[in-house]
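Undergrad: Please find model.pdb (PDB, C-alpha atoms and all ligand atoms) on the next line:
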```pdb
ATOM      1  CA  MET O   3      86.208 121.870  97.580  1.00  0.00           C
ATOM      2  CA  ILE O   4      89.425 120.862  99.352  1.00  0.00           C
ATOM      3  CA  GLN O   5      91.869 118.783  97.283  1.00  0.00           C
ATOM      4  CA  ILE O   6      94.605 116.439  98.471  1.00  0.00           C
ATOM      5  CA  SER O   7      97.817 118.463  98.662  1.00  0.00           C
ATOM      6  CA  ASP O   8     100.592 117.627  96.194  1.00  0.00           C
ATOM      7  CA  SER O   9     102.912 116.733  99.047  1.00  0.00           C
ATOM      8  CA  ALA O  10     100.399 114.332 100.655  1.00  0.00           C
ATOM      9  CA  ARG O  11      99.324 112.550  97.459  1.00  0.00           C
ATOM     10  CA  PRO O  12     102.306 110.153  97.152  1.00  0.00           C
ATOM     11  CA  HIS O  13     101.726 109.029 100.745  1.00  0.00           C
ATOM     12  CA  VAL O  14      98.125 107.902 100.197  1.00  0.00           C
ATOM     13  CA  HIS O  15      97.495 104.298  99.141  1.00  0.00           C
ATOM     14  CA  LEU O  16      94.021 103.639  97.805  1.00  0.00           C
ATOM     15  CA  ILE O  17      93.112  99.971  98.212  1.00  0.00           C
ATOM     16  CA  ASP O  18      90.856  99.585  95.201  1.00  0.00           C
ATOM     17  CA  HIS O  19      90.632  95.795  94.982  1.00  0.00           C
ATOM     18  CA  PRO O  20      87.121  94.889  93.720  1.00  0.00           C
ATOM     19  CA  LEU O  21      86.376  92.783  96.814  1.00  0.00           C
ATOM     20  CA  VAL O  22      87.253  95.693  99.084  1.00  0.00           C
ATOM     21  CA  GLN O  23      85.123  98.093  97.061  1.00  0.00           C
ATOM     22  CA  HIS O  24      82.173  95.680  96.971  1.00  0.00           C
ATOM     23  CA  LYS O  25      82.173  95.119 100.725  1.00  0.00           C
ATOM     24  CA  LEU O  26      82.539  98.840 101.377  1.00  0.00           C
ATOM     25  CA  THR O  27      79.467  99.532  99.235  1.00  0.00           C
ATOM     26  CA  LEU O  28      77.443  97.044 101.297  1.00  0.00           C
ATOM     27  CA  MET O  29      78.630  98.707 104.513  1.00  0.00           C
ATOM     28  CA  ARG O  30      77.679 102.178 103.338  1.00  0.00           C
ATOM     29  CA  LYS O  31      74.022 101.237 102.867  1.00  0.00           C
ATOM     30  CA  LYS O  32      71.945 102.741 105.643  1.00  0.00           C
ATOM     31  CA  ASP O  33      69.893  99.580 106.091  1.00  0.00           C
ATOM     32  CA  ALA O  34      72.879  97.263 106.668  1.00  0.00           C
ATOM     33  CA  SER O  35      72.285  95.571 110.036  1.00  0.00           C
ATOM     34  CA  THR O  36      74.791  95.861 112.899  1.00  0.00           C
ATOM     35  CA  ASN O  37      75.556  92.201 112.385  1.00  0.00           C
ATOM     36  CA  SER O  38      76.371  92.506 108.701  1.00  0.00           C
ATOM     37  CA  PHE O  39      78.189  95.839 109.148  1.00  0.00           C
ATOM     38  CA  ARG O  40      80.481  94.247 111.726  1.00  0.00           C
ATOM     39  CA  ARG O  41      81.035  91.097 109.648  1.00  0.00           C
ATOM     40  CA  LEU O  42      81.832  93.117 106.523  1.00  0.00           C
ATOM     41  CA  LEU O  43      84.217  95.347 108.456  1.00  0.00           C
ATOM     42  CA  GLY O  44      86.031  92.216 109.668  1.00  0.00           C
ATOM     43  CA  GLU O  45      86.318  90.826 106.134  1.00  0.00           C
ATOM     44  CA  LEU O  46      87.406  94.164 104.718  1.00  0.00           C
ATOM     45  CA  SER O  47      89.994  94.623 107.447  1.00  0.00           C
ATOM     46  CA  SER O  48      91.557  91.255 106.594  1.00  0.00           C
ATOM     47  CA  LEU O  49      91.755  92.201 102.918  1.00  0.00           C
ATOM     48  CA  MET O  50      93.284  95.583 103.710  1.00  0.00           C
ATOM     49  CA  ALA O  51      95.796  93.929 106.045  1.00  0.00           C
ATOM     50  CA  TYR O  52      97.398  92.282 103.009  1.00  0.00           C
ATOM     51  CA  GLU O  53      98.074  95.679 101.443  1.00  0.00           C
ATOM     52  CA  VAL O  54      99.267  97.477 104.536  1.00  0.00           C
ATOM     53  CA  THR O  55     101.731  94.676 105.386  1.00  0.00           C
ATOM     54  CA  ARG O  56     102.993  94.256 101.809  1.00  0.00           C
ATOM     55  CA  ASP O  57     106.501  95.561 102.615  1.00  0.00           C
ATOM     56  CA  MET O  58     106.834  93.704 105.929  1.00  0.00           C
ATOM     57  CA  ALA O  59     110.355  92.369 106.431  1.00  0.00           C
ATOM     58  CA  THR O  60     110.910  88.626 106.054  1.00  0.00           C
ATOM     59  CA  GLN O  61     113.855  86.530 107.114  1.00  0.00           C
ATOM     60  CA  ASP O  62     115.180  83.303 105.637  1.00  0.00           C
ATOM     61  CA  VAL O  63     114.886  80.282 107.892  1.00  0.00           C
ATOM     62  CA  GLU O  64     115.947  76.712 107.277  1.00  0.00           C
ATOM     63  CA  ILE O  65     113.056  74.251 107.280  1.00  0.00           C
ATOM     64  CA  GLU O  66     112.542  70.576 106.419  1.00  0.00           C
ATOM     65  CA  THR O  67     109.900  69.748 103.857  1.00  0.00           C
ATOM     66  CA  PRO O  68     108.926  66.059 103.627  1.00  0.00           C
ATOM     67  CA  LEU O  69     111.499  65.814 100.798  1.00  0.00           C
ATOM     68  CA  GLU O  70     114.455  68.040 101.652  1.00  0.00           C
ATOM     69  CA  THR O  71     115.878  70.987 103.540  1.00  0.00           C
ATOM     70  CA  MET O  72     115.267  74.483 102.157  1.00  0.00           C
ATOM     71  CA  GLN O  73     115.647  78.155 102.974  1.00  0.00           C
ATOM     72  CA  ALA O  74     112.158  79.659 103.313  1.00  0.00           C
ATOM     73  CA  LYS O  75     110.823  83.094 104.163  1.00  0.00           C
ATOM     74  CA  GLN O  76     109.205  83.902 107.489  1.00  0.00           C
ATOM     75  CA  ILE O  77     107.824  87.088 109.034  1.00  0.00           C
ATOM     76  CA  ASP O  78     108.111  88.043 112.661  1.00  0.00           C
ATOM     77  CA  GLY O  79     104.517  89.062 113.343  1.00  0.00           C
ATOM     78  CA  LYS O  80     105.393  89.826 116.967  1.00  0.00           C
ATOM     79  CA  LYS O  81     107.305  92.900 115.847  1.00  0.00           C
ATOM     80  CA  LEU O  82     104.080  94.399 114.519  1.00  0.00           C
ATOM     81  CA  VAL O  83     101.635  96.332 116.701  1.00  0.00           C
ATOM     82  CA  PHE O  84      98.143  97.231 115.629  1.00  0.00           C
ATOM     83  CA  VAL O  85      97.087 100.305 117.600  1.00  0.00           C
ATOM     84  CA  SER O  86      93.346 100.868 117.802  1.00  0.00           C
ATOM     85  CA  ILE O  87      92.036 104.394 118.245  1.00  0.00           C
ATOM     86  CA  LEU O  88      89.080 103.821 120.586  1.00  0.00           C
ATOM     87  CA  ARG O  89      86.431 102.931 120.105  1.00  0.00           C
ATOM     88  CA  ALA O  90      85.766 102.409 116.394  1.00  0.00           C
ATOM     89  CA  GLY O  91      89.315 101.169 115.755  1.00  0.00           C
ATOM     90  CA  ASN O  92      88.429  98.005 117.672  1.00  0.00           C
ATOM     91  CA  GLY O  93      86.137  97.044 114.782  1.00  0.00           C
ATOM     92  CA  ILE O  94      89.216  96.586 112.582  1.00  0.00           C
ATOM     93  CA  LEU O  95      91.268  94.511 115.028  1.00  0.00           C
ATOM     94  CA  ASP O  96      89.684  91.070 114.557  1.00  0.00           C
ATOM     95  CA  GLY O  97      90.097  91.197 110.800  1.00  0.00           C
ATOM     96  CA  VAL O  98      93.739  92.299 110.783  1.00  0.00           C
ATOM     97  CA  LEU O  99      94.637  89.799 113.516  1.00  0.00           C
ATOM     98  CA  GLN O 100      93.234  86.967 111.397  1.00  0.00           C
ATOM     99  CA  VAL O 101      95.953  87.776 108.869  1.00  0.00           C
ATOM    100  CA  VAL O 102      98.779  88.500 111.352  1.00  0.00           C
ATOM    101  CA  PRO O 103      97.806  86.480 114.452  1.00  0.00           C
ATOM    102  CA  GLY O 104     101.154  87.035 116.154  1.00  0.00           C
ATOM    103  CA  ALA O 105     100.860  90.817 116.138  1.00  0.00           C
ATOM    104  CA  ARG O 106     100.621  92.731 119.403  1.00  0.00           C
ATOM    105  CA  VAL O 107      97.801  95.192 120.085  1.00  0.00           C
ATOM    106  CA  GLY O 108      97.787  98.644 121.655  1.00  0.00           C
ATOM    107  CA  HIS O 109      94.867 100.936 122.470  1.00  0.00           C
ATOM    108  CA  ILE O 110      94.678 104.694 122.640  1.00  0.00           C
ATOM    109  CA  GLY O 111      91.652 106.708 123.739  1.00  0.00           C
ATOM    110  CA  LEU O 112      91.339 110.443 123.145  1.00  0.00           C
ATOM    111  CA  TYR O 113      88.518 112.931 123.522  1.00  0.00           C
ATOM    112  CA  ARG O 114      88.264 116.532 122.459  1.00  0.00           C
ATOM    113  CA  ASP O 115      88.114 119.002 125.330  1.00  0.00           C
ATOM    114  CA  PRO O 116      85.033 121.127 124.547  1.00  0.00           C
ATOM    115  CA  VAL O 117      86.701 124.303 125.856  1.00  0.00           C
ATOM    116  CA  THR O 118      90.283 124.085 124.613  1.00  0.00           C
ATOM    117  CA  LEU O 119      89.362 121.835 121.609  1.00  0.00           C
ATOM    118  CA  GLN O 120      92.596 119.979 122.320  1.00  0.00           C
ATOM    119  CA  ALA O 121      92.790 116.169 122.227  1.00  0.00           C
ATOM    120  CA  VAL O 122      92.936 114.786 125.764  1.00  0.00           C
ATOM    121  CA  GLU O 123      94.215 111.259 126.355  1.00  0.00           C
ATOM    122  CA  TYR O 124      92.060 109.030 128.606  1.00  0.00           C
ATOM    123  CA  TYR O 125      93.599 105.639 127.811  1.00  0.00           C
ATOM    124  CA  PHE O 126      96.996 104.491 126.590  1.00  0.00           C
ATOM    125  CA  LYS O 127      98.199 100.928 126.781  1.00  0.00           C
ATOM    126  CA  MET O 128     100.972  99.598 124.549  1.00  0.00           C
ATOM    127  CA  PRO O 129     103.098  96.452 124.461  1.00  0.00           C
ATOM    128  CA  LYS O 130     106.624  96.808 125.822  1.00  0.00           C
ATOM    129  CA  ASP O 131     109.732  97.340 123.676  1.00  0.00           C
ATOM    130  CA  MET O 132     107.958  99.719 121.303  1.00  0.00           C
ATOM    131  CA  GLN O 133     111.351 100.878 119.965  1.00  0.00           C
ATOM    132  CA  GLU O 134     111.658  97.517 118.199  1.00  0.00           C
ATOM    133  CA  ARG O 135     108.207  97.539 116.655  1.00  0.00           C
ATOM    134  CA  ASP O 136     106.397  98.709 113.540  1.00  0.00           C
ATOM    135  CA  ILE O 137     103.011 100.280 114.265  1.00  0.00           C
ATOM    136  CA  ILE O 138      99.872 100.205 112.156  1.00  0.00           C
ATOM    137  CA  VAL O 139      97.307 102.607 113.618  1.00  0.00           C
ATOM    138  CA  VAL O 140      93.728 101.576 112.815  1.00  0.00           C
ATOM    139  CA  ASP O 141      90.581 103.699 112.778  1.00  0.00           C
ATOM    140  CA  PRO O 142      87.741 103.217 110.260  1.00  0.00           C
ATOM    141  CA  MET O 143      87.269 106.949 109.627  1.00  0.00           C
ATOM    142  CA  LEU O 144      90.001 109.524 109.000  1.00  0.00           C
ATOM    143  CA  ALA O 145      87.721 112.571 109.129  1.00  0.00           C
ATOM    144  CA  THR O 146      89.175 115.881 110.387  1.00  0.00           C
ATOM    145  CA  GLY O 147      92.481 114.123 110.991  1.00  0.00           C
ATOM    146  CA  ASN O 148      92.899 115.832 114.367  1.00  0.00           C
ATOM    147  CA  SER O 149      92.552 112.775 116.592  1.00  0.00           C
ATOM    148  CA  ALA O 150      94.671 110.636 114.267  1.00  0.00           C
ATOM    149  CA  ALA O 151      97.404 113.282 114.319  1.00  0.00           C
ATOM    150  CA  ALA O 152      97.203 113.583 118.118  1.00  0.00           C
ATOM    151  CA  ALA O 153      97.307 109.787 118.547  1.00  0.00           C
ATOM    152  CA  ILE O 154     100.388 109.526 116.339  1.00  0.00           C
ATOM    153  CA  THR O 155     102.116 112.414 118.152  1.00  0.00           C
ATOM    154  CA  ARG O 156     101.617 110.469 121.381  1.00  0.00           C
ATOM    155  CA  LEU O 157     102.759 107.169 119.844  1.00  0.00           C
ATOM    156  CA  LYS O 158     105.962 108.770 118.581  1.00  0.00           C
ATOM    157  CA  GLU O 159     106.959 109.326 122.221  1.00  0.00           C
ATOM    158  CA  CYS O 160     107.428 105.518 122.302  1.00  0.00           C
ATOM    159  CA  LYS O 161     109.939 105.812 119.433  1.00  0.00           C
ATOM    160  CA  PRO O 162     108.615 102.943 117.260  1.00  0.00           C
ATOM    161  CA  LYS O 163     110.528 101.910 114.136  1.00  0.00           C
ATOM    162  CA  SER O 164     107.713 103.020 111.817  1.00  0.00           C
ATOM    163  CA  ILE O 165     104.067 104.097 111.811  1.00  0.00           C
ATOM    164  CA  LYS O 166     101.382 103.556 109.148  1.00  0.00           C
ATOM    165  CA  PHE O 167      97.738 104.575 109.281  1.00  0.00           C
ATOM    166  CA  LEU O 168      94.941 102.263 108.079  1.00  0.00           C
ATOM    167  CA  CYS O 169      91.351 103.420 107.621  1.00  0.00           C
ATOM    168  CA  LEU O 170      88.284 102.556 105.567  1.00  0.00           C
ATOM    169  CA  LEU O 171      87.230 106.015 104.533  1.00  0.00           C
ATOM    170  CA  THR O 172      88.785 109.434 104.470  1.00  0.00           C
ATOM    171  CA  VAL O 173      88.465 112.858 102.825  1.00  0.00           C
ATOM    172  CA  PRO O 174      91.119 115.244 101.417  1.00  0.00           C
ATOM    173  CA  GLN O 175      90.931 117.444 104.524  1.00  0.00           C
ATOM    174  CA  GLY O 176      91.761 114.541 106.848  1.00  0.00           C
ATOM    175  CA  ILE O 177      94.614 113.396 104.640  1.00  0.00           C
ATOM    176  CA  ASN O 178      96.087 116.912 104.473  1.00  0.00           C
ATOM    177  CA  THR O 179      95.843 117.445 108.239  1.00  0.00           C
ATOM    178  CA  LEU O 180      97.430 114.106 109.090  1.00  0.00           C
ATOM    179  CA  HIS O 181     100.137 114.495 106.471  1.00  0.00           C
ATOM    180  CA  ALA O 182     100.985 118.062 107.580  1.00  0.00           C
ATOM    181  CA  ALA O 183     101.481 116.835 111.159  1.00  0.00           C
ATOM    182  CA  HIS O 184     103.206 113.553 110.248  1.00  0.00           C
ATOM    183  CA  PRO O 185     104.680 113.569 106.739  1.00  0.00           C
ATOM    184  CA  ASP O 186     106.479 110.283 107.446  1.00  0.00           C
ATOM    185  CA  VAL O 187     103.228 108.322 107.944  1.00  0.00           C
ATOM    186  CA  GLU O 188     101.815 106.419 104.953  1.00  0.00           C
ATOM    187  CA  ILE O 189      98.006 106.403 104.785  1.00  0.00           C
ATOM    188  CA  PHE O 190      96.091 103.328 103.541  1.00  0.00           C
ATOM    189  CA  THR O 191      92.384 103.682 102.762  1.00  0.00           C
ATOM    190  CA  ALA O 192      89.625 101.932 100.814  1.00  0.00           C
ATOM    191  CA  ALA O 193      88.035 105.218  99.659  1.00  0.00           C
ATOM    192  CA  ILE O 194      88.543 108.975  99.558  1.00  0.00           C
ATOM    193  CA  ASP O 195      85.143 110.607  99.883  1.00  0.00           C
ATOM    194  CA  ARG O 196      84.070 114.128  98.954  1.00  0.00           C
ATOM    195  CA  GLU O 197      84.105 116.261 102.091  1.00  0.00           C
ATOM    196  CA  LEU O 198      83.134 116.699 105.743  1.00  0.00           C
ATOM    197  CA  ASN O 199      79.804 118.111 106.830  1.00  0.00           C
ATOM    198  CA  ASP O 200      79.519 120.782 109.558  1.00  0.00           C
ATOM    199  CA  HIS O 201      79.560 118.088 112.256  1.00  0.00           C
ATOM    200  CA  GLY O 202      82.760 116.492 110.981  1.00  0.00           C
ATOM    201  CA  TYR O 203      81.011 113.537 109.308  1.00  0.00           C
ATOM    202  CA  ILE O 204      82.333 112.170 106.045  1.00  0.00           C
ATOM    203  CA  LEU O 205      80.086 112.685 102.962  1.00  0.00           C
ATOM    204  CA  PRO O 206      78.774 110.489 101.466  1.00  0.00           C
ATOM    205  CA  GLY O 207      80.420 108.307 104.139  1.00  0.00           C
ATOM    206  CA  LEU O 208      78.744 105.563 106.092  1.00  0.00           C
ATOM    207  CA  GLY O 209      77.551 107.389 109.209  1.00  0.00           C
ATOM    208  CA  ASP O 210      78.992 106.965 112.678  1.00  0.00           C
ATOM    209  CA  ALA O 211      81.299 103.961 112.437  1.00  0.00           C
ATOM    210  CA  GLY O 212      81.362 103.314 116.196  1.00  0.00           C
ATOM    211  CA  ASP O 213      77.564 103.353 116.449  1.00  0.00           C
ATOM    212  CA  ARG O 214      77.219 101.060 113.460  1.00  0.00           C
ATOM    213  CA  ILE O 215      79.816  98.572 114.763  1.00  0.00           C
ATOM    214  CA  PHE O 216      78.471  98.418 118.292  1.00  0.00           C
ATOM    215  CA  GLY O 217      74.757  99.044 117.588  1.00  0.00           C
ATOM    216  CA  THR O 218      74.594 102.140 119.789  1.00  0.00           C
ATOM    217  CA  GLN O 219      72.602 104.423 117.499  1.00  0.00           C
TER     218      GLN O 219
HETATM  219  N1  LIG O 301      83.593 109.382 112.522  1.00  0.00           N
HETATM  220  C1  LIG O 301      82.599 108.582 112.071  1.00  0.00           C
HETATM  221  O1  LIG O 301      82.279 107.590 112.709  1.00  0.00           O
HETATM  222  N2  LIG O 301      81.975 108.908 110.929  1.00  0.00           N
HETATM  223  C2  LIG O 301      82.305 109.973 110.197  1.00  0.00           C
HETATM  224  O2  LIG O 301      81.704 110.194 109.136  1.00  0.00           O
HETATM  225  C3  LIG O 301      83.355 110.796 110.677  1.00  0.00           C
HETATM  226  C4  LIG O 301      83.969 110.481 111.837  1.00  0.00           C
END
```
Represent the structure of the file as structure tokens.

TA:
Amino acid sequence: MIQISDSARPHVHLIDHPLVQHKLTLMRKKDASTNSFRRLLGELSSLMAYEVTRDMATQDVEIETPLETMQAKQIDGKKLVFVSILRAGNGILDGVLQVVPGARVGHIGLYRDPVTLQAVEYYFKMPKDMQERDIIVVDPMLATGNSAAAAITRLKECKPKSIKFLCLLTVPQGINTLHAAHPDVEIFTAAIDRELNDHGYILPGLGDAGDRIFGTQ
């Protein structure tokens, strides 16, 4: 069985808060309805947003409380971009935007060419001034790691200040592939499952995240 490489391990952040783990368990169940799967993903995404933004920069601003003037901390949410890898990444957006409503949103769509097996971009839309922004790439499943690595390679052309990757589930193989391609990218996940099956699905996993979010099974 593949293990997480020693070099990747320090870059993986397991979000093991009991609420996150509880909601993930409910989502994994095969009889969870589309409605509850989507709602749980939203709730989980909000909880994970706290962890992934933990080191976000704050600045001191002067404000007036009803009693006196004080220096208080404020974030600039507009500097943050959540980038959804289509289509399942969109399931994470609502939840993270509840926590950082001022954040901008980008979308990237890739498919695998069946002949060359290379990732081909079919959609790419980002906010302007990406050089000034921190990116959090969102996709529920970091499986083979190939599309995540390709998406981040493309995003780096925009020269953002930093890139993090947020997912629900991953496996050692996906972590190793993404880390080998992008050792500077920190990976945040709610679980590290056992392995991939022959079709690239995570085991035990939760099935096809896109189908479960959008009810397209
Ligand atoms: N994508 C999914 O939606 N599920 C998996 O298990 C792997 C990739």

Undergrad: Using all atoms listed in the file, pick whichever of O:Arg30, O:Leu46, O:Thr179, O:Leu82 has the shortest atom-to-atom distance to ligand LIG 301 (chain O).

TA: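 That would be O:Arg30, the residue with the smallest distance to ligand LIG 301 (chain O).
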
Undergrad: So, counting only C-alpha atoms, which residue among O:Ala105, O:Asp141, O:Arg135, O:Ala192 is closest to Arg89 (chain O)?

TA: O:Asp141

Undergrad: Go through the shown structure with the PyMOL selection byres (((chain O and resi 56-62) around 9) and not hetatm) and write out the matching residues as a PyMOL selection string.

TA: chain O and resi 51-55+63-64+73-78

Undergrad: Which is closer to ligand LIG 301 (chain O) than all the others in O:Pro174, O:Gly104, O:Pro162, O:Gly147, using all atoms listed in the file?

TA: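 Under the stated criterion, the closest residue is O:Gly147.
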
Undergrad: Let me see if you get this right: every residue at most 8 Å from ligand LIG 301 (chain O), counting all atoms listed in the file, written as an NGL selection string.

TA: :O and (90 or 142-146 or 198 or 202-205 or 207-213)

Undergrad: For CA of Leu171 (chain O) and CA of Gln120 (chain O), quote the distance in Å rounded to one decimal.

TA: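 That distance, rounded to one decimal, is 23.2 Å.
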
Undergrad: Run the PyMOL selection byres (((chain O and resi 182) around 12) and not hetatm) against the file shown and list the residues it catches, as a list in words.

TA: Ile6, Ser7, Asp8, Ser9, Ala10, Arg11, His13, Gly147, Asn148, Ala150, Ala151, Pro174, Gln175, Gly176, Ile177, Asn178, Thr179, Leu180, His181, Ala183, His184, Pro185, Asp186, Val187 and Glu188 of chain O

Undergrad: Give me, please, the distance in Å between CA of Ile110 (chain O) and CA of Glu159 (chain O), quoted to one decimal.

TA: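 Distance between the two atoms: 13.1 Å.
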
Undergrad: How far is it from CA of Met3 (chain O) to CA of Ala193 (chain O), in Å with one decimal?

TA: 16.9 Å

Undergrad: Write a file for region 42-51 of chain O of the given structure; include all heavy atoms and format it as an mmCIF file, in the first residue's frame.

TA:
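Result went into selection.cif, see below:
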```cif
data_model
loop_
_atom_site.group_PDB
_atom_site.id
_atom_site.type_symbol
_atom_site.label_atom_id
_atom_site.label_comp_id
_atom_site.auth_asym_id
_atom_site.auth_seq_id
_atom_site.Cartn_x
_atom_site.Cartn_y
_atom_site.Cartn_z
ATOM 1 N N LEU O 42 -24.701 18.977 4.107
ATOM 2 C CA LEU O 42 -23.555 18.614 4.951
ATOM 3 C C LEU O 42 -22.255 19.130 4.357
ATOM 4 O O LEU O 42 -21.366 19.605 5.082
ATOM 5 C CB LEU O 42 -23.484 17.077 5.092
ATOM 6 C CG LEU O 42 -24.549 16.469 6.001
ATOM 7 C CD1 LEU O 42 -24.700 14.978 5.723
ATOM 8 C CD2 LEU O 42 -24.185 16.709 7.466
ATOM 9 N N LEU O 43 -22.138 19.063 3.042
ATOM 10 C CA LEU O 43 -20.909 19.564 2.403
ATOM 11 C C LEU O 43 -20.759 21.064 2.667
ATOM 12 O O LEU O 43 -19.661 21.554 2.940
ATOM 13 C CB LEU O 43 -20.935 19.278 0.900
ATOM 14 C CG LEU O 43 -19.728 19.772 0.108
ATOM 15 C CD1 LEU O 43 -18.417 19.186 0.663
ATOM 16 C CD2 LEU O 43 -19.858 19.429 -1.372
ATOM 17 N N GLY O 44 -21.888 21.785 2.625
ATOM 18 C CA GLY O 44 -21.853 23.226 2.910
ATOM 19 C C GLY O 44 -21.382 23.478 4.333
ATOM 20 O O GLY O 44 -20.512 24.315 4.588
ATOM 21 N N GLU O 45 -21.953 22.730 5.281
ATOM 22 C CA GLU O 45 -21.593 22.930 6.698
ATOM 23 C C GLU O 45 -20.129 22.578 6.937
ATOM 24 O O GLU O 45 -19.389 23.296 7.609
ATOM 25 C CB GLU O 45 -22.484 22.061 7.590
ATOM 26 C CG GLU O 45 -23.940 22.487 7.580
ATOM 27 C CD GLU O 45 -24.873 21.471 8.224
ATOM 28 O OE1 GLU O 45 -24.388 20.433 8.734
ATOM 29 O OE2 GLU O 45 -26.088 21.704 8.206
ATOM 30 N N LEU O 46 -19.724 21.460 6.347
ATOM 31 C CA LEU O 46 -18.334 21.013 6.503
ATOM 32 C C LEU O 46 -17.352 22.021 5.893
ATOM 33 O O LEU O 46 -16.285 22.289 6.455
ATOM 34 C CB LEU O 46 -18.197 19.699 5.731
ATOM 35 C CG LEU O 46 -17.787 18.487 6.521
ATOM 36 C CD1 LEU O 46 -18.037 17.235 5.730
ATOM 37 C CD2 LEU O 46 -16.351 18.596 6.882
ATOM 38 N N SER O 47 -17.734 22.566 4.760
ATOM 39 C CA SER O 47 -16.856 23.522 4.079
ATOM 40 C C SER O 47 -16.662 24.768 4.940
ATOM 41 O O SER O 47 -15.562 25.320 5.020
ATOM 42 C CB SER O 47 -17.435 23.914 2.720
ATOM 43 O OG SER O 47 -17.658 22.763 1.955
ATOM 44 N N SER O 48 -17.729 25.207 5.612
ATOM 45 C CA SER O 48 -17.595 26.368 6.503
ATOM 46 C C SER O 48 -16.638 26.047 7.638
ATOM 47 O O SER O 48 -15.770 26.857 7.992
ATOM 48 C CB SER O 48 -18.942 26.762 7.100
ATOM 49 O OG SER O 48 -19.788 27.255 6.115
ATOM 50 N N LEU O 49 -16.786 24.860 8.221
ATOM 51 C CA LEU O 49 -15.900 24.485 9.337
ATOM 52 C C LEU O 49 -14.449 24.405 8.862
ATOM 53 O O LEU O 49 -13.525 24.872 9.548
ATOM 54 C CB LEU O 49 -16.325 23.136 9.924
ATOM 55 C CG LEU O 49 -17.694 23.111 10.612
ATOM 56 C CD1 LEU O 49 -18.105 21.693 10.941
ATOM 57 C CD2 LEU O 49 -17.650 23.953 11.887
ATOM 58 N N MET O 50 -14.236 23.823 7.699
ATOM 59 C CA MET O 50 -12.865 23.691 7.201
ATOM 60 C C MET O 50 -12.270 25.052 6.832
ATOM 61 O O MET O 50 -11.053 25.245 6.916
ATOM 62 C CB MET O 50 -12.818 22.733 6.006
ATOM 63 C CG MET O 50 -13.151 21.298 6.417
ATOM 64 S SD MET O 50 -12.662 20.062 5.206
ATOM 65 C CE MET O 50 -13.523 20.629 3.785
ATOM 66 N N ALA O 51 -13.147 25.988 6.457
ATOM 67 C CA ALA O 51 -12.663 27.328 6.091
ATOM 68 C C ALA O 51 -11.947 27.988 7.268
ATOM 69 O O ALA O 51 -10.983 28.727 7.086
ATOM 70 C CB ALA O 51 -13.817 28.200 5.610
#
```
